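Have a look at entry_25.txt; it's compact mmCIF, C-alpha atoms:
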# COMPACT_ATOMS: atom_id res chain seq x y z
CA MET A 1 30.37 -40.31 3.96
CA THR A 2 27.34 -40.87 1.72
CA GLU A 3 28.14 -40.15 -1.91
CA SER A 4 26.32 -37.32 -3.59
CA PHE A 5 23.81 -37.72 -6.40
CA GLY A 6 26.36 -36.40 -8.90
CA GLU A 7 28.94 -38.96 -7.84
CA LEU A 8 26.42 -41.80 -8.14
CA LEU A 9 25.28 -40.61 -11.56
CA ARG A 10 28.87 -40.59 -12.81
CA GLU A 11 29.48 -44.11 -11.45
CA CYS A 12 26.33 -45.44 -13.12
CA ARG A 13 27.17 -43.75 -16.43
CA VAL A 14 30.74 -45.11 -16.49
CA ALA A 15 29.50 -48.59 -15.55
CA ALA A 16 27.07 -48.43 -18.50
CA GLY A 17 29.93 -47.49 -20.85
CA LEU A 18 28.41 -44.17 -21.90
CA SER A 19 30.09 -40.82 -22.34
CA ILE A 20 28.33 -37.80 -20.85
CA GLY A 21 27.44 -36.68 -24.36
CA GLN A 22 25.84 -40.04 -25.19
CA LEU A 23 23.79 -39.96 -21.99
CA ALA A 24 22.70 -36.40 -22.75
CA LYS A 25 21.31 -37.46 -26.13
CA ARG A 26 19.37 -40.36 -24.60
CA VAL A 27 17.70 -38.36 -21.84
CA HIS A 28 17.33 -35.17 -23.95
CA TYR A 29 19.19 -32.88 -21.58
CA SER A 30 22.18 -30.81 -22.59
CA LYS A 31 25.70 -32.11 -22.00
CA GLY A 32 26.50 -28.99 -20.01
CA HIS A 33 23.49 -29.48 -17.75
CA LEU A 34 24.43 -33.10 -16.96
CA SER A 35 28.03 -32.05 -16.36
CA LYS A 36 26.86 -29.57 -13.71
CA ILE A 37 24.70 -32.28 -12.14
CA GLU A 38 27.62 -34.73 -11.96
CA ASN A 39 29.83 -32.06 -10.40
CA ASP A 40 27.11 -31.15 -7.88
CA LEU A 41 26.81 -27.65 -9.24
CA LYS A 42 23.09 -28.10 -9.88
CA PRO A 43 20.49 -30.00 -7.86
CA PRO A 44 18.98 -33.16 -9.34
CA HIS A 45 15.52 -32.77 -10.83
CA GLU A 46 13.14 -35.67 -10.20
CA THR A 47 12.24 -36.11 -13.88
CA MET A 48 15.88 -36.06 -14.95
CA ALA A 49 16.78 -38.58 -12.22
CA ARG A 50 14.05 -40.95 -13.39
CA LEU A 51 15.18 -40.74 -17.04
CA CYS A 52 18.81 -41.41 -16.14
CA ASP A 53 17.85 -44.28 -13.87
CA GLY A 54 15.99 -45.95 -16.72
CA VAL A 55 18.65 -45.39 -19.37
CA LEU A 56 21.47 -46.53 -17.07
CA ASP A 57 19.49 -49.43 -15.61
CA ALA A 58 20.26 -48.16 -12.12
CA GLY A 59 17.45 -50.09 -10.43
CA GLY A 60 15.92 -47.02 -8.74
CA SER A 61 19.15 -45.98 -7.03
CA LEU A 62 19.29 -42.64 -8.84
CA ILE A 63 15.65 -41.91 -8.02
CA GLU A 64 16.30 -42.63 -4.35
CA ALA A 65 19.48 -40.55 -4.39
CA ALA A 66 17.59 -37.60 -5.85
CA ARG A 67 14.94 -37.91 -3.15
CA ALA A 68 17.61 -38.12 -0.45
CA ALA A 69 19.27 -34.97 -1.84
CA ARG A 70 15.98 -33.10 -1.61
CA ASP A 71 15.43 -34.35 1.96
CA ARG A 72 18.90 -33.23 3.02
CA ALA A 73 18.26 -29.81 1.49
CA ALA A 74 14.96 -29.54 3.37
CA GLU A 75 16.71 -30.43 6.63
CA ARG A 76 19.31 -27.73 6.05
CA VAL A 77 16.55 -25.20 5.40
CA ALA A 78 14.70 -26.20 8.58
CA GLU A 79 17.89 -25.98 10.65
CA ALA A 80 18.57 -22.51 9.28
CA GLY A 81 15.05 -21.41 10.15
CA LEU A 82 14.11 -20.82 6.52
CA THR A 83 10.56 -22.04 5.97
CA LEU A 84 9.81 -21.23 2.37
CA ASP A 85 6.31 -21.79 1.15
CA ARG A 86 5.38 -22.11 -2.50
CA ARG A 87 4.34 -18.49 -2.80
CA GLN A 88 7.71 -17.26 -1.53
CA VAL A 89 9.63 -19.47 -3.93
CA LEU A 90 7.53 -18.26 -6.84
CA VAL A 91 8.07 -14.64 -5.84
CA ALA A 92 11.81 -14.90 -5.56
CA GLY A 93 12.16 -17.48 -8.34
CA THR A 94 15.34 -19.39 -8.84
CA VAL A 95 17.21 -17.14 -6.42
CA LEU A 96 15.41 -18.57 -3.41
CA GLY A 97 15.57 -22.00 -4.99
CA MET A 98 19.31 -21.91 -4.38
CA ALA A 99 18.60 -22.30 -0.67
CA LEU A 100 16.96 -25.65 -1.44
CA ALA A 101 19.62 -26.99 -3.77
CA GLY A 102 21.54 -30.15 -2.98
CA GLY A 103 25.32 -30.07 -3.01
CA PRO A 104 27.57 -27.00 -2.79
CA ARG A 105 26.35 -23.78 -4.30
CA PRO A 106 28.33 -22.18 -7.10
CA ALA A 107 29.76 -18.70 -6.67
CA PRO A 108 27.15 -16.28 -8.04
CA ASP A 109 28.13 -14.33 -11.12
CA GLU A 110 26.88 -10.89 -12.15
CA ARG A 111 23.66 -12.28 -13.61
CA VAL A 112 22.80 -14.08 -10.36
CA VAL A 113 23.45 -10.98 -8.26
CA GLU A 114 21.35 -8.92 -10.65
CA GLY A 115 18.61 -11.56 -10.49
CA MET A 116 18.45 -11.27 -6.71
CA ARG A 117 18.32 -7.52 -6.99
CA VAL A 118 15.46 -7.79 -9.48
CA SER A 119 13.65 -10.16 -7.07
CA PHE A 120 13.91 -7.48 -4.39
CA GLU A 121 12.66 -4.80 -6.76
CA HIS A 122 9.64 -6.95 -7.59
CA LEU A 123 8.84 -7.30 -3.88
CA ARG A 124 9.38 -3.58 -3.38
CA SER A 125 7.00 -2.81 -6.25
CA LEU A 126 4.43 -5.15 -4.73
CA GLY A 127 4.87 -3.44 -1.38
CA MET A 128 3.86 -0.14 -2.97
CA GLN A 129 0.48 -1.57 -3.91
CA THR A 130 -0.69 -4.03 -1.25
CA SER A 131 -0.58 -4.92 2.45
CA PRO A 132 2.90 -5.22 3.99
CA VAL A 133 2.01 -8.68 5.33
CA VAL A 134 2.02 -9.95 1.73
CA VAL A 135 5.71 -9.13 1.24
CA LEU A 136 7.26 -9.46 4.70
CA GLU A 137 7.94 -13.21 4.70
CA PRO A 138 9.33 -13.27 1.13
CA LEU A 139 11.55 -10.30 2.03
CA VAL A 140 13.01 -12.09 5.06
CA ALA A 141 13.56 -15.27 3.04
CA LEU A 142 15.33 -13.37 0.26
CA LEU A 143 17.45 -11.47 2.78
CA ARG A 144 18.63 -14.69 4.44
CA THR A 145 19.57 -16.18 1.09
CA VAL A 146 21.51 -13.07 0.02
CA HIS A 147 23.21 -12.82 3.42
CA ALA A 148 24.22 -16.50 3.38
CA LEU A 149 25.69 -16.20 -0.12
CA ALA A 150 27.63 -13.12 0.97
CA HIS A 151 29.31 -15.12 3.73
CA GLU A 152 30.15 -17.95 1.34
CA ASN A 153 31.88 -15.82 -1.32
CA PRO A 154 34.92 -13.56 -1.57
CA GLU A 155 35.14 -9.95 -2.68
CA PRO A 156 33.89 -8.21 -4.74
CA ILE A 157 30.74 -10.37 -4.80
CA ARG A 158 30.63 -10.45 -0.99
CA GLY A 159 30.48 -6.67 -0.69
CA ARG A 160 27.81 -6.31 -3.34
CA LEU A 161 25.64 -8.95 -1.69
CA LEU A 162 26.05 -7.39 1.75
CA LEU A 163 24.92 -4.02 0.41
CA LEU A 164 21.93 -5.61 -1.27
CA ALA A 165 21.13 -7.42 2.00
CA ALA A 166 21.36 -4.09 3.82
CA ARG A 167 18.90 -2.52 1.39
CA ILE A 168 16.47 -5.44 1.82
CA ALA A 169 16.78 -5.17 5.63
CA GLU A 170 16.06 -1.44 5.51
CA TYR A 171 12.94 -2.01 3.42
CA THR A 172 11.86 -4.87 5.71
CA GLY A 173 12.06 -2.38 8.59
CA TRP A 174 9.80 0.00 6.69
CA MET A 175 7.25 -2.75 6.04
CA ASN A 176 7.27 -3.66 9.75
CA GLN A 177 6.55 -0.02 10.53
CA GLU A 178 3.64 -0.16 8.11
CA VAL A 179 2.33 -3.22 9.97
CA GLY A 180 2.55 -1.21 13.19
CA ASP A 181 5.41 -3.15 14.81
CA GLU A 182 7.82 -0.39 15.80
CA GLN A 183 10.22 -2.66 17.73
CA ARG A 184 10.81 -4.92 14.73
CA ALA A 185 11.00 -1.92 12.45
CA LEU A 186 13.78 -0.49 14.62
CA SER A 187 15.57 -3.84 14.84
CA TRP A 188 15.60 -4.37 11.06
CA THR A 189 16.68 -0.78 10.48
CA ARG A 190 19.68 -1.17 12.78
CA HIS A 191 20.51 -4.53 11.20
CA ALA A 192 20.60 -2.72 7.85
CA SER A 193 23.28 -0.41 9.27
CA GLU A 194 25.37 -3.37 10.43
CA LEU A 195 25.16 -5.06 7.03
CA ALA A 196 26.04 -1.82 5.23
CA LEU A 197 29.10 -1.30 7.41
CA ALA A 198 30.21 -4.88 6.77
CA GLY A 199 29.82 -4.19 3.06
CA GLY A 200 32.07 -1.14 3.28
CA ASP A 201 29.48 1.56 2.69
CA ARG A 202 28.05 4.16 5.06
CA GLU A 203 25.22 5.45 2.88
CA ILE A 204 22.59 3.19 4.39
CA VAL A 205 24.03 3.89 7.86
CA GLY A 206 23.00 7.51 7.39
CA TYR A 207 19.68 6.57 5.88
CA ALA A 208 18.95 4.24 8.83
CA PHE A 209 18.91 7.34 11.04
CA VAL A 210 16.42 8.88 8.61
CA ARG A 211 14.23 5.81 9.03
CA GLU A 212 14.52 5.97 12.83
CA ALA A 213 13.57 9.65 12.64
CA GLY A 214 10.49 8.56 10.70
CA LEU A 215 9.52 6.24 13.54
CA ALA A 216 9.85 9.15 15.98
CA LEU A 217 7.78 11.38 13.69
CA TYR A 218 4.87 8.94 13.57
CA ARG A 219 4.79 8.65 17.36
CA GLN A 220 4.65 12.48 17.51
CA ASP A 221 8.13 12.87 19.05
CA ALA A 222 9.29 16.16 17.53
CA LEU A 223 12.62 16.45 19.38
CA GLY A 224 13.52 12.81 18.67
CA THR A 225 12.74 13.33 14.99
CA ILE A 226 14.99 16.38 14.78
CA GLU A 227 17.94 14.81 16.64
CA LEU A 228 17.89 11.55 14.66
CA ALA A 229 17.64 13.48 11.38
CA ARG A 230 20.64 15.57 12.39
CA GLN A 231 22.61 12.44 13.24
CA ALA A 232 21.94 11.21 9.71
CA GLN A 233 23.43 14.41 8.31
CA ARG A 234 26.57 13.96 10.42
CA VAL A 235 27.39 10.45 9.12
CA ASP A 236 30.72 10.41 7.28
CA ARG A 237 30.50 10.05 3.49
CA ALA A 238 26.69 10.28 3.42
CA GLY A 239 25.72 11.40 -0.09
CA PRO A 240 23.59 14.41 -1.01
CA ARG A 241 20.45 12.31 -1.44
CA THR A 242 20.67 10.85 2.07
CA ARG A 243 21.49 14.27 3.55
CA GLY A 244 18.59 15.75 1.60
CA LEU A 245 16.17 13.13 2.92
CA ALA A 246 17.56 13.72 6.42
CA SER A 247 17.01 17.48 6.10
CA ARG A 248 13.50 16.77 4.87
CA ARG A 249 12.83 14.66 7.97
CA GLU A 250 14.36 17.33 10.21
CA ALA A 251 12.00 19.88 8.67
CA GLN A 252 9.05 17.63 9.47
CA GLY A 253 10.25 17.46 13.08
CA HIS A 254 10.44 21.26 13.29
CA ALA A 255 6.92 21.51 11.87
CA LEU A 256 5.68 19.04 14.47
CA ALA A 257 7.32 21.24 17.12
CA GLY A 258 5.66 24.32 15.59
CA ASP A 259 8.95 26.05 14.67
CA ARG A 260 8.15 27.65 11.32
CA GLU A 261 11.50 29.36 10.74
CA ALA A 262 13.54 26.21 11.46
CA PHE A 263 11.13 24.27 9.24
CA ASP A 264 11.66 26.65 6.32
CA ARG A 265 15.46 26.54 6.68
CA ALA A 266 15.62 22.74 6.83
CA MET A 267 13.14 22.33 3.96
CA ASP A 268 15.06 24.74 1.72
CA ARG A 269 18.25 22.81 2.47
CA ALA A 270 16.49 19.54 1.65
CA ALA A 271 15.18 20.86 -1.65
CA ASP A 272 18.66 22.06 -2.70
CA LEU A 273 20.31 18.74 -1.79
CA LEU A 274 17.66 16.59 -3.48
CA ASP A 275 17.65 18.74 -6.61
CA GLY A 276 21.40 18.26 -6.95
CA ALA A 277 21.48 14.56 -6.06
CA ALA A 278 21.84 11.96 -8.79
CA ALA A 279 20.37 8.56 -7.90
CA ASP A 280 23.22 6.07 -7.56
CA THR A 281 21.96 2.50 -7.96
CA ARG A 282 25.31 0.83 -8.57
CA ALA A 283 25.42 -0.92 -5.20
CA TYR A 284 21.75 -1.31 -4.36
CA PRO A 285 18.37 0.13 -5.42
CA VAL A 286 17.86 3.82 -4.71
CA LEU A 287 17.11 4.71 -1.09
CA GLY A 288 13.98 6.46 0.06
CA SER A 289 10.94 7.77 -1.74
CA THR A 290 10.74 7.39 -5.51
CA ALA A 291 8.19 10.21 -5.78
CA PRO A 292 8.91 12.91 -8.40
CA ASP A 293 9.52 15.51 -5.65
CA PRO A 294 9.77 14.05 -2.13
CA ALA A 295 10.65 17.47 -0.66
CA GLU A 296 7.41 19.04 -1.88
CA LEU A 297 5.34 16.12 -0.58
CA ALA A 298 6.96 16.59 2.83
CA ARG A 299 6.34 20.34 2.63
CA GLY A 300 2.65 19.74 1.99
CA TRP A 301 2.51 17.24 4.86
CA SER A 302 4.21 19.57 7.33
CA LEU A 303 2.25 22.69 6.45
CA CYS A 304 -0.74 20.91 7.96
CA ASP A 305 1.20 20.43 11.23
CA LEU A 306 2.05 24.13 11.14
CA GLY A 307 -1.65 25.04 10.84
CA ARG A 308 -1.31 26.29 7.26
CA THR A 309 -4.02 23.88 6.17
CA THR A 310 -5.26 25.56 2.99
CA GLU A 311 -1.69 25.89 1.70
CA SER A 312 -1.01 22.28 2.73
CA ALA A 313 -3.98 21.00 0.76
CA ALA A 314 -2.96 22.98 -2.32
CA VAL A 315 0.62 21.62 -2.29
CA LEU A 316 -0.53 18.05 -1.72
CA ASP A 317 -3.19 18.30 -4.41
CA ARG A 318 -0.54 19.38 -6.92
CA GLU A 319 1.97 16.69 -5.91
CA LEU A 320 -0.57 13.87 -5.74
CA ALA A 321 -1.41 14.51 -9.39
CA ARG A 322 2.23 13.66 -10.19
CA LEU A 323 2.29 10.31 -8.38
CA PRO A 324 1.85 7.23 -10.60
CA ALA A 325 -1.21 5.05 -10.03
CA ALA A 326 1.05 2.15 -8.96
CA SER A 327 2.32 4.17 -5.95
CA ARG A 328 -0.75 3.27 -3.92
CA ARG A 329 1.03 3.49 -0.56
CA SER A 330 2.19 7.06 -1.20
CA ARG A 331 -1.16 8.01 -2.70
CA ALA A 332 -2.94 6.65 0.36
CA ARG A 333 -0.60 8.42 2.79
CA PHE A 334 -0.58 11.86 1.21
CA GLY A 335 -4.15 11.64 -0.04
CA THR A 336 -5.37 11.08 3.52
CA ARG A 337 -3.25 14.00 4.74
CA ARG A 338 -4.75 16.22 1.99
CA SER A 339 -8.30 15.33 3.08
CA LEU A 340 -7.33 16.01 6.70
CA ALA A 341 -5.89 19.42 5.77
CA LEU A 342 -9.11 20.29 3.90
CA ALA A 343 -11.28 19.19 6.82
CA LEU A 344 -9.17 21.21 9.27
CA ALA A 345 -9.54 24.19 6.91
CA GLY A 346 -13.32 23.79 7.07
CA GLU A 347 -13.62 22.65 3.46
CA VAL A 348 -15.85 19.72 4.41
CA ASP A 349 -17.36 18.99 1.01
CA GLN A 350 -13.95 19.02 -0.68
CA SER A 351 -12.44 16.90 2.09
CA CYS A 352 -15.12 14.24 1.66
CA ALA A 353 -14.86 14.33 -2.13
CA THR A 354 -11.08 13.76 -2.10
CA LEU A 355 -11.35 11.14 0.64
CA ALA A 356 -13.79 9.07 -1.41
CA GLY A 357 -11.11 8.71 -4.08
CA THR A 358 -8.39 7.86 -1.53
CA LEU A 359 -10.14 5.19 0.54
CA ASP A 360 -9.64 2.49 -2.10
CA ASP A 361 -5.87 3.02 -1.97
CA VAL A 362 -5.97 3.03 1.84
CA ALA A 363 -7.87 -0.27 1.91
CA HIS A 364 -5.36 -1.94 -0.42
CA VAL A 365 -2.15 -0.92 1.34
CA ASP A 366 -3.28 -1.62 4.94
CA SER A 367 -0.89 0.88 6.54
CA ALA A 368 -0.65 1.57 10.27
CA THR A 369 0.89 4.98 9.60
CA VAL A 370 -1.92 5.95 7.21
CA ARG A 371 -4.56 4.79 9.69
CA ALA A 372 -3.19 7.24 12.28
CA ASP A 373 -4.08 10.19 10.03
CA LEU A 374 -7.32 8.48 8.99
CA ARG A 375 -8.42 8.27 12.64
CA GLU A 376 -7.65 11.96 13.11
CA LEU A 377 -9.65 12.74 9.97
CA SER A 378 -12.56 10.64 11.27
CA ARG A 379 -12.58 12.64 14.52
CA THR A 380 -12.40 15.92 12.60
CA LEU A 381 -15.22 15.07 10.22
CA GLY A 382 -17.24 13.85 13.20
CA ARG A 383 -17.73 17.50 14.12
CA TRP A 384 -19.91 17.75 11.00
CA HIS A 385 -21.70 14.44 11.49
CA ASN A 386 -25.02 15.87 10.24
CA HIS A 387 -23.45 17.23 7.04
CA GLY A 388 -24.68 15.37 3.94
CA ALA A 389 -21.22 14.71 2.45
CA VAL A 390 -19.95 13.41 5.80
CA ARG A 391 -22.92 11.06 6.23
CA GLU A 392 -22.26 9.72 2.73
CA VAL A 393 -18.56 8.96 3.17
CA TYR A 394 -18.55 8.00 6.85
CA PRO A 395 -19.69 4.34 6.53
CA GLU A 396 -16.85 3.54 4.11
CA LEU A 397 -14.38 5.49 6.27
CA ARG A 398 -15.35 3.44 9.33
CA ARG A 399 -15.18 0.19 7.36
CA VAL A 400 -11.62 0.91 6.20
CA LEU A 401 -10.57 1.87 9.71
CA ARG A 402 -11.82 -1.50 11.03
CA GLN A 403 -10.25 -3.48 8.18
CA ARG A 404 -7.05 -5.42 8.87
CA TYR A 405 -5.40 -8.13 6.74
How does this structure look as structure tokens?
Amino acid sequence: MTESFGELLRECRVAAGLSIGQLAKRVHYSKGHLSKIENDLKPPHETMARLCDGVLDAGGSLIEAARAARDRAAERVAEAGLTLDRRQVLVAGTVLGMALAGGPRPAPDERVVEGMRVSFEHLRSLGMQTSPVVVLEPLVALLRTVHALAHENPEPIRGRLLLLAARIAEYTGWMNQEVGDEQRALSWTRHASELALAGGDREIVGYAFVREAGLALYRQDALGTIELARQAQRVDRAGPRTRGLASRREAQGHALAGDREAFDRAMDRAADLLDGAAADTRAYPVLGSTAPDPAELARGWSLCDLGRTTESAAVLDRELARLPAASRRSRARFGTRRSLALALAGEVDQSCATLAGTLDDVAHVDSATVRADLRELSRTLGRWHNHGAVREVYPELRRVLRQRY
């Protein structure tokens, strides 16, 4: 078997009669760093390999060994189906770099696990502000790295990594829904459930039903939305937040079906559960919407489906004022629904005025779910095609509807 770079470095150092500390001083790397290199706990860096080769008079053997280590790592990546471009590596930083490292990977400690979680949070934050196609590939690459490390390590690290992988898979499903690929969205959502179960937690299992209910809602399947939301509430050990989000989705299904009494009951239950739920981020980042009051946003959304358009617009106007500027995806979604509610209420001037401020967010986030409401709004405003405010906003509305990343 071909010796590793670390083994060759040790042989060359011993042959030169140098201790690891003496070599460290000559190449200006720390003793600890070189020790990890020799024990194949860190991959060889090209610059470091060149310095050591010169100091140890290795005749280029260390440079070639470093190159061979990189080539072997690239082959392993290709075989695993992980094609990481420079942008992805920069996004996920040193975490994704582990997939390219030569030699065996060390067991991740708490800082490494936290680093991978932070990498996911950065991608999630980016997903709130731009097109889902920007984050989908980095999300999949990060998920594969986390999943692979989970299989390589014992408990309790294994369980923590599986739960993080489940959370990444769930969010990847959401981004696929935003692209408009329902089949992949469903596949990733169900994969999230499998990972969560393997990690010993059922919270995401319940939330996966909430996500599936969301898919049904956006294809206008009221009964499917209600049933899937109820399944989420029946999952064993689902916490109050997940049950609250499930009740919220059930309420939206009842509104889509036109059942006002069932909507009110489910929405009141959702509000009570969400008010009493404390976000638990010990195992993975918090599930679901991070809006100040997700129940009220859903209420405003659903009142439009129930025909209470003026009330819908008033609720959404109040809640949109509470959303941070960075939440462009939520602002685009609920801002479009507010303009639709106003147009359906006959408040054409106000609908156009609010839409003008929303279209920039819509253009940035490139959301298939938002475009569905935007198309309905376009048809509604088309009834007033000779109205001055409509003529003014319509060209930009049509441009955004045609835009795709």
Could you build a table of the residues in segment 143-166 of chain A lying no more than 10 Å from segment 170-180 of chain A, giving for each the nearest pair of atoms and their separation in Å rounded to one decimal place, using only C-alpha atoms, ordered by chain and ascending residue number, as a tab-separated table?
residue	atom	partner	partner_atom	distance
A:Leu143	CA	A:Thr172	CA	9.1
A:Leu164	CA	A:Glu170	CA	9.9
A:Ala165	CA	A:Glu170	CA	8.6
A:Ala166	CA	A:Glu170	CA	6.2
key: Using only C-alpha atoms: which of A:Ala277, A:Thr225, A:Ala372, A:Ala148 has the shortest distance to Ala257 of chain A   =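 The answer is A:Thr225, which sits nearest to Ala257 of chain A.
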remark   = Shortest contact to Ala68 of chain A, candidates A:Val210, A:Ala49, A:Met267, A:Leu186, atoms counted all atoms listed in the file, goes to A:Ala49
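Atom CA of Thr242 of chain A is found 22.7 Å from atom CA of Leu316 of chain A.
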inquiry  = Residues within 12 Å of Gly32 of chain A, please, as a PyMOL selection string. Count only C-alpha atoms; anything in the same chain fewer than 5 positions from it doesn't count.
reply    = chain A and resi 20-21+23-25+37-39+41-42
key: Nearest to Ala69 of chain A, chosen from A:Val14, A:Glu296, A:His45, A:Lys36, with only C-alpha atoms counted in the distances   = A:His45
task = Go through A:Arg375, A:Ala66, A:Asp275, A:Arg26 and flag the residue nearest Leu9 of chain A, using all atoms listed in the file for the distances.
result =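 Selected residue with least distance to Leu9 of chain A: A:Ala66.
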ask   = Neighbours of Glu64 of chain A within 10 Å (all atoms listed in the file; same-chain residues fewer than 5 positions away dropped), as a ChimeraX atom specification?
value = /A:5,46,49-50,53,59,69-70
Using only C-alpha atoms, please write the residues we just selected to a file, as an mmCIF file, in the coordinates of the input.
data_model
loop_
_atom_site.group_PDB
_atom_site.id
_atom_site.type_symbol
_atom_site.label_atom_id
_atom_site.label_comp_id
_atom_site.auth_asym_id
_atom_site.auth_seq_id
_atom_site.Cartn_x
_atom_site.Cartn_y
_atom_site.Cartn_z
ATOM 1 C CA PHE A 5 23.810 -37.720 -6.400
ATOM 2 C CA GLU A 46 13.140 -35.670 -10.200
ATOM 3 C CA ALA A 49 16.780 -38.580 -12.220
ATOM 4 C CA ARG A 50 14.050 -40.950 -13.390
ATOM 5 C CA ASP A 53 17.850 -44.280 -13.870
ATOM 6 C CA GLY A 59 17.450 -50.090 -10.430
ATOM 7 C CA ALA A 69 19.270 -34.970 -1.840
ATOM 8 C CA ARG A 70 15.980 -33.100 -1.610
#
note = Judged by all atoms listed in the file, the minimum distance to His385 of chain A among A:Cys352, A:Val133, A:Asp360, A:Ala251 is found for A:Cys352
inquiry  = Just the number, please: distance in Å from atom CA of Ala229 of chain A to atom CA of Leu323 of chain A, one decimal.
reply    =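 Going from atom CA of Ala229 of chain A over to atom CA of Leu323 of chain A covers 25.2 Å.
The spacing separating atom CA of Arg111 of chain A from atom CA of Val135 of chain A amounts to 23.5 Å.
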request  = Extract, using all atoms listed in the file, all DNA, RNA and protein residues at most 7 Å from Gln233 of chain A, discarding same-chain residues fewer than 5 positions from it, and format them as an MDAnalysis selection string.
outcome  = chainID A and resid 206 243 246
All residues 7 Å or closer to Ile226 of chain A, all atoms listed in the file, same chain fewer than 4 positions away omitted, as an MDAnalysis selection string = chainID A and resid 222 230 250 253:254
query = Using all atoms listed in the file, which residues sit within 10 Å of Gly346 of chain A once same-chain residues fewer than 6 positions away are excluded, as a list in words?
reply = Thr309, Thr310, Leu340, Thr380, Leu381 and Trp384 of chain A
query = Which residue gives the smallest distance to Leu8 of chain A among A:Met128, A:Cys52, A:Leu303, A:Leu136, with all atoms listed in the file counted?
reply =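 Checking each of A:Met128, A:Cys52, A:Leu303, A:Leu136 against Leu8 of chain A, counting all atoms listed in the file, the winner is A:Cys52.
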key: Exercise: residues within 10 Å of coordinate (-0.3, 12.8, 5.0), counting all atoms listed in the file, as number ranges by chain   = A: 297-298, 300-302, 304-305, 312-313, 316, 330-341, 369-370, 372-374
N, CA and C atoms modelled onto segment 226-237 of chain A, as a compact mmCIF listing (two decimals), in the coordinates of the input:
# COMPACT_ATOMS: atom_id res chain seq x y z
N ILE A 226 13.96 15.39 15.16
CA ILE A 226 14.99 16.38 14.78
C ILE A 226 16.39 15.83 15.07
N GLU A 227 16.60 15.28 16.25
CA GLU A 227 17.94 14.81 16.64
C GLU A 227 18.40 13.65 15.76
N LEU A 228 17.52 12.69 15.50
CA LEU A 228 17.89 11.55 14.66
C LEU A 228 18.18 12.00 13.23
N ALA A 229 17.40 12.95 12.73
CA ALA A 229 17.64 13.48 11.38
C ALA A 229 18.98 14.20 11.31
N ARG A 230 19.34 14.89 12.37
CA ARG A 230 20.64 15.57 12.39
C ARG A 230 21.78 14.57 12.49
N GLN A 231 21.59 13.48 13.21
CA GLN A 231 22.61 12.44 13.24
C GLN A 231 22.85 11.88 11.84
N ALA A 232 21.79 11.71 11.07
CA ALA A 232 21.94 11.21 9.71
C ALA A 232 22.79 12.14 8.87
N GLN A 233 22.66 13.43 9.09
CA GLN A 233 23.43 14.41 8.31
C GLN A 233 24.88 14.48 8.74
N ARG A 234 25.19 13.93 9.93
CA ARG A 234 26.57 13.96 10.42
C ARG A 234 27.35 12.69 10.07
N VAL A 235 26.70 11.70 9.47
CA VAL A 235 27.39 10.45 9.12
C VAL A 235 28.43 10.71 8.04
N ASP A 236 29.64 10.22 8.25
CA ASP A 236 30.72 10.41 7.28
C ASP A 236 30.34 9.79 5.93
N ARG A 237 30.66 10.50 4.88
CA ARG A 237 30.50 10.05 3.49
C ARG A 237 29.04 9.82 3.08
